[in-house]
>>> print(open('final.cif').read())   # mmCIF, C-alpha atoms
data_run
#
loop_
_atom_site.group_PDB
_atom_site.id
_atom_site.type_symbol
_atom_site.label_atom_id
_atom_site.label_comp_id
_atom_site.auth_asym_id
_atom_site.auth_seq_id
_atom_site.Cartn_x
_atom_site.Cartn_y
_atom_site.Cartn_z
ATOM 1 C CA MET A 249 59.256 104.010 117.156
ATOM 2 C CA PRO A 250 57.458 102.920 113.994
ATOM 3 C CA ILE A 251 54.196 104.575 115.072
ATOM 4 C CA SER A 252 54.085 108.313 115.630
ATOM 5 C CA ILE A 253 51.228 109.937 117.514
ATOM 6 C CA ASN A 254 50.149 113.506 116.823
ATOM 7 C CA ILE A 255 47.259 115.491 118.243
ATOM 8 C CA ILE A 256 45.603 117.457 115.450
ATOM 9 C CA ASP A 257 43.764 120.699 116.272
ATOM 10 C CA SER A 258 43.163 119.394 119.814
ATOM 11 C CA THR A 259 40.361 117.219 118.422
ATOM 12 C CA TYR A 260 41.739 113.899 117.148
ATOM 13 C CA LEU A 261 44.804 111.706 116.941
ATOM 14 C CA LEU A 262 46.797 111.076 113.794
ATOM 15 C CA LEU A 263 48.761 107.843 114.097
ATOM 16 C CA GLN A 264 51.308 107.236 111.359
ATOM 17 C CA GLY A 265 52.853 103.802 110.939
ATOM 18 C CA LYS A 266 56.212 103.503 109.210
ATOM 19 C CA ASP A 267 58.486 100.631 108.232
ATOM 20 C CA ILE A 268 57.906 97.391 110.163
ATOM 21 C CA ILE A 269 55.032 97.412 112.671
ATOM 22 C CA SER A 270 55.007 94.726 115.364
ATOM 23 C CA ILE A 271 52.457 93.665 117.942
ATOM 24 C CA ALA A 272 54.653 95.286 120.613
ATOM 25 C CA ASP A 273 54.456 98.606 118.743
ATOM 26 C CA LEU A 274 50.662 98.382 118.627
ATOM 27 C CA ILE A 275 50.330 97.485 122.309
ATOM 28 C CA ILE A 276 52.674 100.270 123.430
ATOM 29 C CA THR A 277 50.833 102.778 121.246
ATOM 30 C CA ASN A 278 47.427 101.775 122.596
ATOM 31 C CA GLU A 279 48.638 101.794 126.202
ATOM 32 C CA TYR A 280 50.021 105.300 125.746
ATOM 33 C CA ILE A 281 46.899 106.616 124.022
ATOM 34 C CA TYR A 282 44.433 105.207 126.509
ATOM 35 C CA SER A 283 46.418 106.237 129.601
ATOM 36 C CA GLU A 284 47.986 109.566 128.600
ATOM 37 C CA VAL A 285 45.749 111.268 126.032
ATOM 38 C CA ALA A 286 42.575 113.101 127.034
ATOM 39 C CA PRO A 287 39.540 110.881 126.307
ATOM 40 C CA ALA A 288 37.865 113.589 124.192
ATOM 41 C CA ILE A 289 40.833 113.399 121.817
ATOM 42 C CA ALA A 290 41.648 109.675 122.146
ATOM 43 C CA GLN A 291 38.159 108.680 121.050
ATOM 44 C CA PHE A 292 38.801 109.961 117.499
ATOM 45 C CA GLN A 293 41.718 108.402 115.615
ATOM 46 C CA LEU A 294 42.986 108.589 112.049
ATOM 47 C CA VAL A 295 45.513 105.831 111.352
ATOM 48 C CA ASP A 296 47.792 106.296 108.327
ATOM 49 C CA LEU A 297 49.468 103.055 107.215
ATOM 50 C CA SER A 298 50.707 104.349 103.869
ATOM 51 C CA GLN A 299 54.374 104.183 104.940
ATOM 52 C CA ALA A 300 54.204 100.784 106.660
ATOM 53 C CA THR A 301 56.290 98.240 104.780
ATOM 54 C CA ARG A 302 55.688 95.098 106.840
ATOM 55 C CA PHE A 303 53.521 93.856 109.688
ATOM 56 C CA ALA A 304 54.838 91.419 112.282
ATOM 57 C CA VAL A 305 51.395 90.527 113.641
ATOM 58 C CA SER A 306 49.191 87.454 113.681
ATOM 59 C CA SER A 307 45.427 87.130 113.644
ATOM 60 C CA GLU A 308 45.574 86.529 117.403
ATOM 61 C CA ASP A 309 47.595 89.745 117.791
ATOM 62 C CA LEU A 310 44.952 91.705 115.915
ATOM 63 C CA HIS A 311 42.298 90.181 118.146
ATOM 64 C CA SER A 312 44.251 91.309 121.248
ATOM 65 C CA ILE A 313 44.556 94.855 119.933
ATOM 66 C CA ALA A 314 40.849 94.922 119.098
ATOM 67 C CA GLU A 315 40.046 93.798 122.651
ATOM 68 C CA GLN A 316 42.232 96.612 123.982
ATOM 69 C CA ASP A 317 40.333 99.086 121.782
ATOM 70 C CA LYS A 318 36.916 97.747 122.797
ATOM 71 C CA SER A 319 37.842 98.044 126.459
ATOM 72 C CA ALA A 320 38.987 101.625 125.895
ATOM 73 C CA ALA A 321 35.718 102.412 124.125
ATOM 74 C CA GLU A 322 33.837 101.268 127.214
ATOM 75 C CA ASP A 323 36.030 103.462 129.420
ATOM 76 C CA ILE A 324 35.890 106.617 127.294
ATOM 77 C CA GLY A 325 32.352 106.110 126.006
ATOM 78 C CA HIS A 326 32.967 105.958 122.278
ATOM 79 C CA LEU A 327 35.774 105.113 119.865
ATOM 80 C CA VAL A 328 35.928 106.165 116.218
ATOM 81 C CA VAL A 329 38.836 104.916 114.081
ATOM 82 C CA ALA A 330 39.418 105.698 110.406
ATOM 83 C CA ILE A 331 42.249 103.722 108.824
ATOM 84 C CA TYR A 332 44.000 104.837 105.657
ATOM 85 C CA ALA A 333 45.548 101.700 104.169
ATOM 86 C CA PRO A 334 46.328 102.085 100.466
ATOM 87 C CA LYS A 335 48.387 98.880 100.190
ATOM 88 C CA ASP A 336 46.727 95.464 99.976
ATOM 89 C CA LEU A 337 48.364 93.905 103.046
ATOM 90 C CA ALA A 338 47.674 96.886 105.301
ATOM 91 C CA PHE A 339 44.114 97.068 104.000
ATOM 92 C CA GLY A 340 43.476 93.367 104.596
ATOM 93 C CA LEU A 341 44.940 93.346 108.108
ATOM 94 C CA SER A 342 42.972 96.481 108.957
ATOM 95 C CA ARG A 343 39.765 94.797 107.822
ATOM 96 C CA VAL A 344 40.542 91.786 110.041
ATOM 97 C CA TRP A 345 41.078 94.131 113.012
ATOM 98 C CA GLU A 346 37.855 95.942 112.097
ATOM 99 C CA VAL A 347 35.845 92.700 112.352
ATOM 100 C CA TYR A 348 37.426 91.863 115.725
ATOM 101 C CA ALA A 349 36.753 95.400 116.995
ATOM 102 C CA GLU A 350 33.012 95.291 116.290
ATOM 103 C CA ALA A 351 31.204 96.294 119.482
ATOM 104 C CA PRO A 352 28.739 98.864 120.772
ATOM 105 C CA GLY A 353 30.497 102.210 121.000
ATOM 106 C CA VAL A 354 33.164 101.326 118.422
ATOM 107 C CA GLU A 355 32.877 102.737 114.918
ATOM 108 C CA THR A 356 35.535 101.917 112.346
ATOM 109 C CA SER A 357 36.133 102.183 108.648
ATOM 110 C CA VAL A 358 39.064 101.298 106.401
ATOM 111 C CA PHE A 359 39.879 103.391 103.337
ATOM 112 C CA ARG A 360 42.318 103.306 100.434
ATOM 113 C CA ASP A 361 41.972 107.079 100.009
ATOM 114 C CA TYR A 362 43.353 109.464 102.672
ATOM 115 C CA GLU A 363 40.876 112.259 102.035
ATOM 116 C CA ALA A 364 37.957 109.846 102.318
ATOM 117 C CA ALA A 365 39.276 108.565 105.660
ATOM 118 C CA HIS A 366 39.840 112.084 106.950
ATOM 119 C CA THR A 367 36.415 113.297 105.824
ATOM 120 C CA TRP A 368 34.688 110.284 107.390
ATOM 121 C CA LEU A 369 36.426 110.919 110.720
ATOM 122 C CA LEU A 370 35.485 114.612 110.712
ATOM 123 C CA ASN A 371 31.885 113.723 109.869
ATOM 124 C CA MET A 372 31.794 111.243 112.744
ATOM 125 C CA GLN A 373 33.126 113.955 115.071
ATOM 126 C CA ALA A 374 30.452 116.376 113.901
ATOM 127 C CA GLU A 375 27.736 113.781 114.516
ATOM 128 C CA ALA A 376 29.051 113.148 118.038
ATOM 129 C CA SER A 377 28.971 116.849 118.955
#
>>> encode(input="final.cif", output="structure tokens")
Amino acid sequence: MPISINIIDSTYLLLQGKDIISIADLIITNEYIYSEVAPAIAQFQLVDLSQATRFAVSSEDLHSIAEQDKSAAEDIGHLVVAIYAPKDLAFGLSRVWEVYAEAPGVETSVFRDYEAAHTWLLNMQAEAS
């Protein structure tokens, strides 16, 4: 699967996208996260798109994924997503998703620097504690 999911220190998810990422990959990943991962962990996500080479998604697809995320945020109370997207295409698509995902209880940010994304996520966790 082009998206791997790892639980880091029992506190947040690290999702790493590789190669070609399709809408099906995103839907399957979200369905797994929001049904199988403890809400306390699922609510904090660091998405690493540095190894993604292509995206087979449309604007409508990104809207669908954002709706899935907003619904999950309502269910688990809060959703914080930091996206590391150093390449232009990944960065641009992430920003489109970010606009679609705007909602109460959803906090997102897109970064070109991994350490900045990681630090932001940890700061958001600390604020939520």
>>> resolve_selection(input="final.cif", expression="the PyMOL selection byres ((chain A and resi 296) around 6)", output="short mmCIF file (atom, residue, chain, number, x, y, z; two decimals) with C-alpha atoms, in the frame of the given file")
data_model
loop_
_atom_site.label_atom_id
_atom_site.label_comp_id
_atom_site.auth_asym_id
_atom_site.auth_seq_id
_atom_site.Cartn_x
_atom_site.Cartn_y
_atom_site.Cartn_z
CA GLN A 264 51.31 107.24 111.36
CA VAL A 295 45.51 105.83 111.35
CA LEU A 297 49.47 103.06 107.22
CA SER A 298 50.71 104.35 103.87
CA TYR A 332 44.00 104.84 105.66
#
>>> closest_residue(input="final.cif", among="A:Ser312, A:Ala272, A:Ile255, A:Phe339", to="Leu294 (chain A)", atoms="all atoms listed in the file")
A:Ile255
>>> closest_residue(input="final.cif", among="A:Asn254, A:Ser342, A:Thr356, A:Ser306", to="Leu327 (chain A)", atoms="all atoms listed in the file")
A:Thr356
>>> residues_around(input="final.cif", residues="Val347 (chain A)", least_positions_apart="5", cutoff="12 Å", atoms="only C-alpha atoms", output="NGL selection string")
:A and (307 or 310-311 or 313-315 or 318 or 340-342 or 354-358)
>>> atom_distance(input="final.cif", atom1="CA of Ile269 (chain A)", atom2="CA of Ala351 (chain A)")
24.8 Å
>>> atom_distance(input="final.cif", atom1="CA of His326 (chain A)", atom2="CA of Gly353 (chain A)")
4.7 Å
>>> residues_near_point(input="final.cif", point="(40.5, 103.8, 102.9)", cutoff="8 Å", atoms="all atoms listed in the file", output="list in words")
Ala330, Ile331, Tyr332, Ala333, Pro334, Phe339, Ser357, Val358, Phe359, Arg360, Asp361, Tyr362, Ala364 and Ala365 of chain A
>>> atom_distance(input="final.cif", atom1="CA of Asp336 (chain A)", atom2="CA of Thr259 (chain A)")
29.2 Å
>>> residues_around(input="final.cif", residues="Ile289 (chain A)", least_positions_apart="4", cutoff="7 Å", atoms="only C-alpha atoms", output="PyMOL selection string")
chain A and resi 258-261+285
>>> residues_around(input="final.cif", residues="region 281-284 of chain A", least_positions_apart="6", cutoff="12 Å", atoms="all atoms listed in the file", output="ChimeraX atom specification")
/A:251-255,260-263,274-275,290-293,316-324,327
>>> decode(input="final.cif", residues="region 277-308 of chain A", atoms="N, CA, C and O atoms", output="PDB file, in the first residue's frame")
ATOM      1  N   THR A 277      -7.141   4.421   3.877  1.00  0.00           N
ATOM      2  CA  THR A 277      -6.344   4.865   5.027  1.00  0.00           C
ATOM      3  C   THR A 277      -7.221   5.540   6.064  1.00  0.00           C
ATOM      4  O   THR A 277      -7.145   5.226   7.255  1.00  0.00           O
ATOM      5  N   ASN A 278      -8.056   6.476   5.631  1.00  0.00           N
ATOM      6  CA  ASN A 278      -8.943   7.165   6.574  1.00  0.00           C
ATOM      7  C   ASN A 278      -9.899   6.194   7.258  1.00  0.00           C
ATOM      8  O   ASN A 278     -10.110   6.274   8.471  1.00  0.00           O
ATOM      9  N   GLU A 279     -10.495   5.286   6.495  1.00  0.00           N
ATOM     10  CA  GLU A 279     -11.424   4.327   7.089  1.00  0.00           C
ATOM     11  C   GLU A 279     -10.729   3.492   8.159  1.00  0.00           C
ATOM     12  O   GLU A 279     -11.300   3.246   9.225  1.00  0.00           O
ATOM     13  N   TYR A 280      -9.508   3.061   7.883  1.00  0.00           N
ATOM     14  CA  TYR A 280      -8.763   2.289   8.871  1.00  0.00           C
ATOM     15  C   TYR A 280      -8.477   3.135  10.120  1.00  0.00           C
ATOM     16  O   TYR A 280      -8.732   2.701  11.246  1.00  0.00           O
ATOM     17  N   ILE A 281      -7.955   4.324   9.915  1.00  0.00           N
ATOM     18  CA  ILE A 281      -7.599   5.182  11.047  1.00  0.00           C
ATOM     19  C   ILE A 281      -8.806   5.440  11.945  1.00  0.00           C
ATOM     20  O   ILE A 281      -8.738   5.282  13.159  1.00  0.00           O
ATOM     21  N   TYR A 282      -9.900   5.850  11.336  1.00  0.00           N
ATOM     22  CA  TYR A 282     -11.041   6.289  12.131  1.00  0.00           C
ATOM     23  C   TYR A 282     -11.883   5.142  12.686  1.00  0.00           C
ATOM     24  O   TYR A 282     -12.734   5.374  13.531  1.00  0.00           O
ATOM     25  N   SER A 283     -11.613   3.908  12.261  1.00  0.00           N
ATOM     26  CA  SER A 283     -12.344   2.771  12.829  1.00  0.00           C
ATOM     27  C   SER A 283     -11.476   1.878  13.709  1.00  0.00           C
ATOM     28  O   SER A 283     -11.986   1.200  14.598  1.00  0.00           O
ATOM     29  N   GLU A 284     -10.160   1.890  13.495  1.00  0.00           N
ATOM     30  CA  GLU A 284      -9.296   0.934  14.197  1.00  0.00           C
ATOM     31  C   GLU A 284      -8.302   1.542  15.180  1.00  0.00           C
ATOM     32  O   GLU A 284      -7.790   0.837  16.039  1.00  0.00           O
ATOM     33  N   VAL A 285      -8.021   2.820  15.052  1.00  0.00           N
ATOM     34  CA  VAL A 285      -6.999   3.444  15.908  1.00  0.00           C
ATOM     35  C   VAL A 285      -7.700   4.191  17.038  1.00  0.00           C
ATOM     36  O   VAL A 285      -8.719   4.846  16.829  1.00  0.00           O
ATOM     37  N   ALA A 286      -7.146   4.092  18.237  1.00  0.00           N
ATOM     38  CA  ALA A 286      -7.721   4.776  19.393  1.00  0.00           C
ATOM     39  C   ALA A 286      -7.853   6.272  19.095  1.00  0.00           C
ATOM     40  O   ALA A 286      -6.924   6.886  18.567  1.00  0.00           O
ATOM     41  N   PRO A 287      -9.007   6.867  19.426  1.00  0.00           N
ATOM     42  CA  PRO A 287      -9.232   8.284  19.125  1.00  0.00           C
ATOM     43  C   PRO A 287      -8.152   9.216  19.687  1.00  0.00           C
ATOM     44  O   PRO A 287      -7.802  10.203  19.042  1.00  0.00           O
ATOM     45  N   ALA A 288      -7.617   8.910  20.861  1.00  0.00           N
ATOM     46  CA  ALA A 288      -6.585   9.775  21.446  1.00  0.00           C
ATOM     47  C   ALA A 288      -5.340   9.842  20.570  1.00  0.00           C
ATOM     48  O   ALA A 288      -4.620  10.842  20.583  1.00  0.00           O
ATOM     49  N   ILE A 289      -5.095   8.784  19.807  1.00  0.00           N
ATOM     50  CA  ILE A 289      -3.951   8.761  18.891  1.00  0.00           C
ATOM     51  C   ILE A 289      -4.362   9.279  17.514  1.00  0.00           C
ATOM     52  O   ILE A 289      -3.650  10.083  16.902  1.00  0.00           O
ATOM     53  N   ALA A 290      -5.530   8.852  17.037  1.00  0.00           N
ATOM     54  CA  ALA A 290      -5.991   9.222  15.687  1.00  0.00           C
ATOM     55  C   ALA A 290      -6.181  10.720  15.531  1.00  0.00           C
ATOM     56  O   ALA A 290      -6.080  11.246  14.423  1.00  0.00           O
ATOM     57  N   GLN A 291      -6.412  11.426  16.619  1.00  0.00           N
ATOM     58  CA  GLN A 291      -6.680  12.861  16.493  1.00  0.00           C
ATOM     59  C   GLN A 291      -5.434  13.676  16.178  1.00  0.00           C
ATOM     60  O   GLN A 291      -5.544  14.840  15.804  1.00  0.00           O
ATOM     61  N   PHE A 292      -4.247  13.084  16.289  1.00  0.00           N
ATOM     62  CA  PHE A 292      -2.999  13.778  15.972  1.00  0.00           C
ATOM     63  C   PHE A 292      -2.277  13.013  14.865  1.00  0.00           C
ATOM     64  O   PHE A 292      -1.903  11.858  15.049  1.00  0.00           O
ATOM     65  N   GLN A 293      -2.092  13.683  13.710  1.00  0.00           N
ATOM     66  CA  GLN A 293      -1.509  13.014  12.554  1.00  0.00           C
ATOM     67  C   GLN A 293      -0.415  13.863  11.921  1.00  0.00           C
ATOM     68  O   GLN A 293      -0.605  15.060  11.705  1.00  0.00           O
ATOM     69  N   LEU A 294       0.698  13.204  11.614  1.00  0.00           N
ATOM     70  CA  LEU A 294       1.774  13.823  10.842  1.00  0.00           C
ATOM     71  C   LEU A 294       1.840  13.063   9.523  1.00  0.00           C
ATOM     72  O   LEU A 294       2.069  11.848   9.504  1.00  0.00           O
ATOM     73  N   VAL A 295       1.601  13.759   8.431  1.00  0.00           N
ATOM     74  CA  VAL A 295       1.565  13.152   7.103  1.00  0.00           C
ATOM     75  C   VAL A 295       2.839  13.556   6.359  1.00  0.00           C
ATOM     76  O   VAL A 295       3.109  14.736   6.172  1.00  0.00           O
ATOM     77  N   ASP A 296       3.605  12.568   5.932  1.00  0.00           N
ATOM     78  CA  ASP A 296       4.865  12.793   5.222  1.00  0.00           C
ATOM     79  C   ASP A 296       4.668  12.413   3.756  1.00  0.00           C
ATOM     80  O   ASP A 296       4.528  11.236   3.426  1.00  0.00           O
ATOM     81  N   LEU A 297       4.666  13.409   2.884  1.00  0.00           N
ATOM     82  CA  LEU A 297       4.476  13.169   1.447  1.00  0.00           C
ATOM     83  C   LEU A 297       5.774  13.323   0.654  1.00  0.00           C
ATOM     84  O   LEU A 297       5.741  13.463  -0.567  1.00  0.00           O
ATOM     85  N   SER A 298       6.893  13.272   1.338  1.00  0.00           N
ATOM     86  CA  SER A 298       8.175  13.508   0.672  1.00  0.00           C
ATOM     87  C   SER A 298       8.525  12.434  -0.361  1.00  0.00           C
ATOM     88  O   SER A 298       9.261  12.705  -1.312  1.00  0.00           O
ATOM     89  N   GLN A 299       7.993  11.219  -0.203  1.00  0.00           N
ATOM     90  CA  GLN A 299       8.308  10.139  -1.132  1.00  0.00           C
ATOM     91  C   GLN A 299       7.192   9.875  -2.152  1.00  0.00           C
ATOM     92  O   GLN A 299       7.288   8.949  -2.944  1.00  0.00           O
ATOM     93  N   ALA A 300       6.148  10.683  -2.112  1.00  0.00           N
ATOM     94  CA  ALA A 300       5.061  10.532  -3.092  1.00  0.00           C
ATOM     95  C   ALA A 300       5.534  11.093  -4.434  1.00  0.00           C
ATOM     96  O   ALA A 300       6.085  12.186  -4.498  1.00  0.00           O
ATOM     97  N   THR A 301       5.310  10.327  -5.479  1.00  0.00           N
ATOM     98  CA  THR A 301       5.773  10.752  -6.807  1.00  0.00           C
ATOM     99  C   THR A 301       4.647  11.257  -7.696  1.00  0.00           C
ATOM    100  O   THR A 301       4.885  12.020  -8.628  1.00  0.00           O
ATOM    101  N   ARG A 302       3.413  10.813  -7.409  1.00  0.00           N
ATOM    102  CA  ARG A 302       2.271  11.217  -8.222  1.00  0.00           C
ATOM    103  C   ARG A 302       0.997  11.072  -7.409  1.00  0.00           C
ATOM    104  O   ARG A 302       0.926  10.231  -6.516  1.00  0.00           O
ATOM    105  N   PHE A 303       0.002  11.894  -7.744  1.00  0.00           N
ATOM    106  CA  PHE A 303      -1.278  11.846  -7.057  1.00  0.00           C
ATOM    107  C   PHE A 303      -2.379  11.643  -8.082  1.00  0.00           C
ATOM    108  O   PHE A 303      -2.517  12.446  -9.006  1.00  0.00           O
ATOM    109  N   ALA A 304      -3.137  10.570  -7.932  1.00  0.00           N
ATOM    110  CA  ALA A 304      -4.260  10.293  -8.817  1.00  0.00           C
ATOM    111  C   ALA A 304      -5.533  10.708  -8.082  1.00  0.00           C
ATOM    112  O   ALA A 304      -6.348   9.881  -7.670  1.00  0.00           O
ATOM    113  N   VAL A 305      -5.670  12.023  -7.881  1.00  0.00           N
ATOM    114  CA  VAL A 305      -6.817  12.578  -7.161  1.00  0.00           C
ATOM    115  C   VAL A 305      -7.281  13.853  -7.864  1.00  0.00           C
ATOM    116  O   VAL A 305      -6.485  14.565  -8.463  1.00  0.00           O
ATOM    117  N   SER A 306      -8.577  14.105  -7.743  1.00  0.00           N
ATOM    118  CA  SER A 306      -9.154  15.327  -8.293  1.00  0.00           C
ATOM    119  C   SER A 306      -9.513  16.270  -7.145  1.00  0.00           C
ATOM    120  O   SER A 306      -9.450  15.886  -5.969  1.00  0.00           O
ATOM    121  N   SER A 307      -9.928  17.451  -7.486  1.00  0.00           N
ATOM    122  CA  SER A 307     -10.396  18.398  -6.476  1.00  0.00           C
ATOM    123  C   SER A 307     -11.593  17.817  -5.725  1.00  0.00           C
ATOM    124  O   SER A 307     -11.698  17.959  -4.498  1.00  0.00           O
ATOM    125  N   GLU A 308     -12.486  17.155  -6.437  1.00  0.00           N
ATOM    126  CA  GLU A 308     -13.643  16.525  -5.801  1.00  0.00           C
ATOM    127  C   GLU A 308     -13.205  15.432  -4.837  1.00  0.00           C
ATOM    128  O   GLU A 308     -13.801  15.254  -3.769  1.00  0.00           O
TER     129      GLU A 308
END
